[in-house]
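Pasting entry30.cif here (mmCIF, C-alpha atoms and all ligand atoms):
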```cif
data_data
loop_
_atom_site.group_PDB
_atom_site.id
_atom_site.type_symbol
_atom_site.label_atom_id
_atom_site.label_comp_id
_atom_site.auth_asym_id
_atom_site.auth_seq_id
_atom_site.Cartn_x
_atom_site.Cartn_y
_atom_site.Cartn_z
ATOM 1 C CA MET A 1 62.948 227.131 20.290
ATOM 2 C CA PRO A 2 61.465 225.140 17.417
ATOM 3 C CA GLN A 3 58.864 226.842 15.233
ATOM 4 C CA ILE A 4 55.449 225.320 14.771
ATOM 5 C CA SER A 5 52.676 226.269 12.409
ATOM 6 C CA MET A 6 49.064 225.281 12.102
ATOM 7 C CA THR A 7 45.716 226.654 11.034
ATOM 8 C CA VAL A 8 43.674 228.074 13.892
ATOM 9 C CA ASN A 9 40.125 229.252 13.287
ATOM 10 C CA GLY A 10 40.805 229.341 9.564
ATOM 11 C CA LYS A 11 44.020 231.388 9.754
ATOM 12 C CA LYS A 12 47.569 230.135 9.304
ATOM 13 C CA VAL A 13 49.556 230.823 12.465
ATOM 14 C CA SER A 14 53.064 230.059 13.593
ATOM 15 C CA GLY A 15 55.109 230.509 16.720
ATOM 16 C CA GLU A 16 57.740 229.022 18.954
ATOM 17 C CA ALA A 17 57.018 226.005 21.102
ATOM 18 C CA GLY A 18 59.325 223.876 23.193
ATOM 19 C CA PRO A 19 59.053 220.102 23.248
ATOM 20 C CA SER A 20 56.815 220.196 26.324
ATOM 21 C CA THR A 21 54.644 223.191 25.376
ATOM 22 C CA LEU A 22 50.993 222.209 25.604
ATOM 23 C CA LEU A 23 48.582 223.103 22.827
ATOM 24 C CA VAL A 24 46.369 224.932 25.328
ATOM 25 C CA ASP A 25 49.310 227.125 26.404
ATOM 26 C CA PHE A 26 50.210 227.871 22.784
ATOM 27 C CA LEU A 27 46.601 228.855 22.027
ATOM 28 C CA ARG A 28 46.174 230.980 25.123
ATOM 29 C CA GLY A 29 49.664 232.360 25.636
ATOM 30 C CA ASP A 30 50.985 232.802 22.112
ATOM 31 C CA LEU A 31 47.767 233.402 20.202
ATOM 32 C CA GLY A 32 45.775 235.143 22.957
ATOM 33 C CA LEU A 33 42.812 232.811 22.444
ATOM 34 C CA THR A 34 41.800 232.732 26.093
ATOM 35 C CA GLY A 35 38.312 231.349 25.454
ATOM 36 C CA THR A 36 39.874 227.912 25.854
ATOM 37 C CA HIS A 37 40.099 227.466 29.607
ATOM 38 C CA VAL A 38 42.408 225.523 31.875
ATOM 39 C CA GLY A 39 40.604 223.976 34.827
ATOM 40 C CA CYS A 40 42.627 220.971 35.900
ATOM 41 C CA ASP A 41 45.595 220.630 33.540
ATOM 42 C CA THR A 42 45.278 216.872 34.022
ATOM 43 C CA SER A 43 42.788 215.848 31.333
ATOM 44 C CA GLN A 44 39.826 215.556 33.673
ATOM 45 C CA CYS A 45 37.618 218.647 33.472
ATOM 46 C CA GLY A 46 37.194 219.295 29.736
ATOM 47 C CA ALA A 47 37.420 223.098 30.027
ATOM 48 C CA CYS A 48 40.201 223.072 27.428
ATOM 49 C CA VAL A 49 38.422 221.145 24.643
ATOM 50 C CA VAL A 50 39.136 222.345 21.100
ATOM 51 C CA HIS A 51 38.753 220.658 17.724
ATOM 52 C CA MET A 52 41.818 219.275 15.988
ATOM 53 C CA ASN A 53 41.324 217.990 12.460
ATOM 54 C CA GLY A 54 37.607 217.695 13.138
ATOM 55 C CA ASP A 55 37.768 215.840 16.446
ATOM 56 C CA SER A 56 37.389 217.240 19.945
ATOM 57 C CA VAL A 57 40.554 216.969 22.012
ATOM 58 C CA LYS A 58 41.592 218.138 25.448
ATOM 59 C CA ALA A 59 44.174 220.779 24.608
ATOM 60 C CA CYS A 60 45.947 220.261 27.947
ATOM 61 C CA THR A 61 46.682 216.717 26.817
ATOM 62 C CA VAL A 62 48.051 217.558 23.362
ATOM 63 C CA LEU A 63 51.553 218.900 22.853
ATOM 64 C CA ALA A 64 51.707 221.963 20.648
ATOM 65 C CA HIS A 65 54.074 220.247 18.234
ATOM 66 C CA GLN A 66 51.565 217.381 17.846
ATOM 67 C CA ALA A 67 49.286 219.961 16.252
ATOM 68 C CA GLU A 68 51.912 220.881 13.636
ATOM 69 C CA GLY A 69 50.065 221.364 10.335
ATOM 70 C CA ALA A 70 46.705 220.615 11.958
ATOM 71 C CA ASP A 71 43.425 222.410 11.527
ATOM 72 C CA VAL A 72 42.450 223.659 14.993
ATOM 73 C CA VAL A 73 39.179 225.333 15.942
ATOM 74 C CA THR A 74 38.679 227.037 19.291
ATOM 75 C CA ILE A 75 35.528 228.482 20.817
ATOM 76 C CA GLU A 76 36.446 231.829 19.218
ATOM 77 C CA GLY A 77 36.184 230.253 15.766
ATOM 78 C CA LEU A 78 33.033 228.193 16.229
ATOM 79 C CA ALA A 79 30.467 230.779 15.161
ATOM 80 C CA PRO A 80 30.763 231.635 11.474
ATOM 81 C CA GLY A 81 30.312 235.410 11.920
ATOM 82 C CA ALA A 82 28.864 237.836 14.408
ATOM 83 C CA GLU A 83 25.923 235.533 15.138
ATOM 84 C CA LEU A 84 26.099 232.949 17.893
ATOM 85 C CA HIS A 85 26.551 229.310 16.914
ATOM 86 C CA PRO A 86 23.282 227.391 17.542
ATOM 87 C CA LEU A 87 24.929 225.704 20.531
ATOM 88 C CA GLN A 88 25.925 229.032 22.054
ATOM 89 C CA ALA A 89 22.395 230.340 21.503
ATOM 90 C CA ALA A 90 20.892 227.192 23.044
ATOM 91 C CA PHE A 91 23.137 227.380 26.130
ATOM 92 C CA ASN A 92 21.867 230.928 26.543
ATOM 93 C CA GLU A 93 18.233 229.931 25.984
ATOM 94 C CA ALA A 94 18.292 226.875 28.281
ATOM 95 C CA HIS A 95 20.360 228.534 31.032
ATOM 96 C CA GLY A 96 23.134 226.026 30.443
ATOM 97 C CA LEU A 97 25.708 228.151 32.217
ATOM 98 C CA GLN A 98 26.262 230.149 35.356
ATOM 99 C CA CYS A 99 29.913 231.156 35.774
ATOM 100 C CA GLY A 100 30.643 229.974 32.234
ATOM 101 C CA PHE A 101 34.040 228.492 33.030
ATOM 102 C CA CYS A 102 33.166 225.056 31.689
ATOM 103 C CA THR A 103 31.068 226.387 28.806
ATOM 104 C CA PRO A 104 33.680 226.650 26.021
ATOM 105 C CA GLY A 105 34.684 223.037 26.536
ATOM 106 C CA MET A 106 31.074 221.886 26.815
ATOM 107 C CA VAL A 107 30.154 223.687 23.605
ATOM 108 C CA MET A 108 33.155 222.370 21.678
ATOM 109 C CA SER A 109 32.522 218.796 22.859
ATOM 110 C CA ALA A 110 28.831 219.065 22.022
ATOM 111 C CA ALA A 111 29.617 220.484 18.566
ATOM 112 C CA ASP A 112 31.748 217.431 17.844
ATOM 113 C CA LEU A 113 28.961 215.135 19.061
ATOM 114 C CA ILE A 114 26.328 216.789 16.859
ATOM 115 C CA ALA A 115 28.685 216.697 13.853
ATOM 116 C CA LYS A 116 29.042 212.943 14.322
ATOM 117 C CA ASN A 117 25.523 212.213 15.558
ATOM 118 C CA PRO A 118 23.046 214.936 14.529
ATOM 119 C CA SER A 119 20.176 213.536 16.635
ATOM 120 C CA PRO A 120 21.736 212.315 19.866
ATOM 121 C CA THR A 121 19.536 210.857 22.588
ATOM 122 C CA GLU A 122 19.696 212.258 26.096
ATOM 123 C CA ALA A 123 21.703 209.207 27.151
ATOM 124 C CA GLU A 124 24.142 209.724 24.273
ATOM 125 C CA ILE A 125 24.606 213.390 25.205
ATOM 126 C CA ARG A 126 25.241 212.509 28.853
ATOM 127 C CA SER A 127 27.668 209.789 27.877
ATOM 128 C CA TRP A 128 29.545 212.035 25.407
ATOM 129 C CA LEU A 129 29.874 214.862 27.915
ATOM 130 C CA LYS A 130 31.133 212.696 30.739
ATOM 131 C CA GLY A 131 34.636 214.118 30.226
ATOM 132 C CA ASN A 132 33.360 217.664 30.799
ATOM 133 C CA MET A 133 32.747 218.832 34.344
ATOM 134 C CA CYS A 134 30.543 221.687 35.482
ATOM 135 C CA ARG A 135 30.881 222.856 39.055
ATOM 136 C CA CYS A 136 27.978 225.263 39.238
ATOM 137 C CA THR A 137 25.150 224.801 36.736
ATOM 138 C CA GLY A 138 24.487 221.103 37.087
ATOM 139 C CA TYR A 139 24.068 219.058 33.979
ATOM 140 C CA HIS A 140 20.326 219.094 33.266
ATOM 141 C CA ASN A 141 20.242 222.448 31.518
ATOM 142 C CA ILE A 142 23.448 221.695 29.644
ATOM 143 C CA VAL A 143 21.909 218.501 28.254
ATOM 144 C CA LYS A 144 18.730 220.428 27.432
ATOM 145 C CA ALA A 145 20.820 223.040 25.582
ATOM 146 C CA VAL A 146 22.502 220.366 23.471
ATOM 147 C CA GLN A 147 19.111 218.848 22.642
ATOM 148 C CA ILE A 148 17.749 222.266 21.592
ATOM 149 C CA ALA A 149 20.819 222.993 19.465
ATOM 150 C CA ALA A 150 20.713 219.576 17.763
ATOM 151 C CA ALA A 151 17.029 220.062 16.920
ATOM 152 C CA ASN A 152 17.605 223.598 15.622
ATOM 153 C CA MET A 153 20.589 222.531 13.538
ATOM 154 C CA ALA A 154 18.662 219.591 12.069
ATOM 155 C CA ALA A 155 15.754 221.896 11.213
ATOM 156 C CA GLY A 156 18.167 224.402 9.652
ATOM 157 C CA ALA A 157 19.839 221.689 7.586
ATOM 158 C CA LYS A 158 16.431 220.431 6.403
ATOM 159 C CA THR A 159 15.334 223.928 5.383
ATOM 160 C CA ALA A 160 18.607 224.506 3.530
ATOM 161 C CA ALA A 161 18.127 221.240 1.637
ATOM 162 C CA GLU A 162 14.588 222.142 0.516
HETATM 163 S S1 LIG B 201 42.250 221.717 31.644
HETATM 164 FE FE1 LIG B 201 42.253 220.160 30.150
HETATM 165 S S2 LIG B 201 40.878 218.685 30.881
HETATM 166 FE FE2 LIG B 201 40.967 220.168 32.476
HETATM 167 S S1 LIG B 202 28.881 227.053 34.459
HETATM 168 FE FE1 LIG B 202 30.286 227.264 36.088
HETATM 169 S S2 LIG B 202 31.483 225.482 35.986
HETATM 170 FE FE2 LIG B 202 29.940 225.158 34.557
#
```
Would you mind writing the file's structure down as structure tokens?
Amino acid sequence: MPQISMTVNGKKVSGEAGPSTLLVDFLRGDLGLTGTHVGCDTSQCGACVVHMNGDSVKACTVLAHQAEGADVVTIEGLAPGAELHPLQAAFNEAHGLQCGFCTPGMVMSAADLIAKNPSPTEAEIRSWLKGNMCRCTGYHNIVKAVQIAAANMAAGAKTAAE
């Protein structure tokens, strides 16, 4: 099988992947990064969202070899250290999860949104997250969590700049 290599969560990794191996299967099966979930396998639910070269992508829709040489970040690599990422903390604070199955994808999508638009409106958050489905929490608290995280991150960035 052909070898592929990429950077995942800041570390160079390599492995074997066939021409039809999906990125999500490479991440979960070969690298053991099972925080990225598979809900539908058909690009609908968003449970598998990771970042590839700075953009959120559905990892069930990307072939592993398309990520050759890419910089990939999964939910395991989002927080810089032992502390939760502000989005993870806000999901906790706002009760943005119940079973948590959708949460990694929601958090990774929201992180991409805030990176591109640090002060999103509620409508912008709802629109951005329309590719992420939650079957048990409902969306209100998820949107609230993203709003809290965006505000906290903006305040943190302002403090750091002072
Ligand atoms: S598993 Fe990828 S979008 Fe549902
Ligand atoms: S928290 Fe259960 S599917 Fe969203």
Would you write out, as JSON lines, a table of all residues in chain A that have an atom no more than 10 Å from an atom of ligand LIG 202 (chain B), listing for each the closest atom pair and the distance in Å to one decimal, considering only C-alpha atoms and all ligand atoms and ordering rows by chain and rising residue number?
```
{"residue": "A:Gly39", "atom": "CA", "partner": "B:LIG202", "partner_atom": "S2", "distance": 9.3}
{"residue": "A:Cys45", "atom": "CA", "partner": "B:LIG202", "partner_atom": "S2", "distance": 9.5}
{"residue": "A:Ala47", "atom": "CA", "partner": "B:LIG202", "partner_atom": "S2", "distance": 8.7}
{"residue": "A:His95", "atom": "CA", "partner": "B:LIG202", "partner_atom": "S1", "distance": 9.3}
{"residue": "A:Gly96", "atom": "CA", "partner": "B:LIG202", "partner_atom": "S1", "distance": 7.1}
{"residue": "A:Leu97", "atom": "CA", "partner": "B:LIG202", "partner_atom": "S1", "distance": 4.0}
{"residue": "A:Gln98", "atom": "CA", "partner": "B:LIG202", "partner_atom": "S1", "distance": 4.2}
{"residue": "A:Cys99", "atom": "CA", "partner": "B:LIG202", "partner_atom": "FE1", "distance": 3.9}
{"residue": "A:Gly100", "atom": "CA", "partner": "B:LIG202", "partner_atom": "S1", "distance": 4.1}
{"residue": "A:Phe101", "atom": "CA", "partner": "B:LIG202", "partner_atom": "S2", "distance": 4.9}
{"residue": "A:Cys102", "atom": "CA", "partner": "B:LIG202", "partner_atom": "FE2", "distance": 4.3}
{"residue": "A:Thr103", "atom": "CA", "partner": "B:LIG202", "partner_atom": "FE2", "distance": 6.0}
{"residue": "A:Pro104", "atom": "CA", "partner": "B:LIG202", "partner_atom": "FE2", "distance": 9.4}
{"residue": "A:Gly105", "atom": "CA", "partner": "B:LIG202", "partner_atom": "FE2", "distance": 9.6}
{"residue": "A:Met106", "atom": "CA", "partner": "B:LIG202", "partner_atom": "FE2", "distance": 8.5}
{"residue": "A:Asn132", "atom": "CA", "partner": "B:LIG202", "partner_atom": "FE2", "distance": 9.1}
{"residue": "A:Met133", "atom": "CA", "partner": "B:LIG202", "partner_atom": "FE2", "distance": 6.9}
{"residue": "A:Cys134", "atom": "CA", "partner": "B:LIG202", "partner_atom": "FE2", "distance": 3.6}
{"residue": "A:Arg135", "atom": "CA", "partner": "B:LIG202", "partner_atom": "S2", "distance": 4.1}
{"residue": "A:Cys136", "atom": "CA", "partner": "B:LIG202", "partner_atom": "FE1", "distance": 4.4}
{"residue": "A:Thr137", "atom": "CA", "partner": "B:LIG202", "partner_atom": "S1", "distance": 4.9}
{"residue": "A:Gly138", "atom": "CA", "partner": "B:LIG202", "partner_atom": "FE2", "distance": 7.3}
{"residue": "A:Tyr139", "atom": "CA", "partner": "B:LIG202", "partner_atom": "FE2", "distance": 8.5}
{"residue": "A:Ile142", "atom": "CA", "partner": "B:LIG202", "partner_atom": "FE2", "distance": 8.8}
```
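All residues of protein, DNA or RNA that reach within 9 Å of Val72 in chain A, judged by only C-alpha atoms and not counting those fewer than 2 positions away in the chain, are A:Met6, A:Thr7, A:Val8, A:Asn9, A:Gly10, A:Val50, A:His51, A:Met52, A:Asn53, A:Gly54, A:Ala67, A:Ala70, A:Thr74.
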Quiz item: Got a sec to resolve the PyMOL selection byres (((chain A and resi 21-28) around 10) and not hetatm) on this structure and send the residues as a PyMOL selection string?
Solution: chain A and resi 4+8+14-20+29-38+41+48-50+58-67+72+74
The centre and edge lengths of an axis-aligned box containing all atoms of ligand LIG 201 (chain B) present in the file, extended by 5 Å on each side, are to be given in Å to one decimal, as lines of an AutoDock Vina configuration file.
```
center_x = 41.6
center_y = 220.2
center_z = 31.3
size_x = 11.4
size_y = 13.0
size_z = 12.3
```
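The spacing separating CA of Ala110 in chain A from CA of Lys158 in chain A amounts to 20.0 Å.
For the pair CA of Asp112 in chain A and CA of Asp55 in chain A, the interatomic distance is 6.4 Å.
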Quiz item: To one decimal place, how far is CA of Gly156 in chain A from CA of Asn92 in chain A in Å?
Solution: 18.5 Å
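Evaluated against the shown file, the PyMOL selection byres (((chain A and resi 120) around 12) and not hetatm) gives Ala110, Ala111, Asp112, Leu113, Ile114, Ala115, Lys116, Asn117, Pro118, Ser119, Thr121, Glu122, Ala123, Glu124, Ile125, Arg126, Ser127, Trp128, Leu129, Val143, Lys144, Val146, Gln147, Ile148, Ala149, Ala150, Ala151 and Ala154 of chain A.
Among the candidates A:Gly131, A:Gly77, A:Pro2, A:Pro86, the residue lying nearest to Thr42 in chain A is A:Gly131 (atoms considered: only C-alpha atoms).
Closest to Met153 in chain A among A:His85, A:Glu76, A:Ala94, A:Gln44 is A:His85, based on all atoms listed in the file.
Proximity ranking of A:Leu78, A:Val13, A:Met1, A:Val57 relative to ligand LIG 201 (chain B) places A:Val57 first, based on only C-alpha atoms and all ligand atoms.
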Exercise. Go through A:Val73, A:Ala145, A:Lys12, A:Glu162 and flag the residue nearest Leu87 in chain A, using only C-alpha atoms for the distances.
Key: A:Ala145
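Shortest separation to ligand LIG 201 (chain B) among A:Ser109, A:Gln88, A:Asp71, A:Glu83 occurs at residue A:Ser109, atoms counted being all atoms listed in the file.
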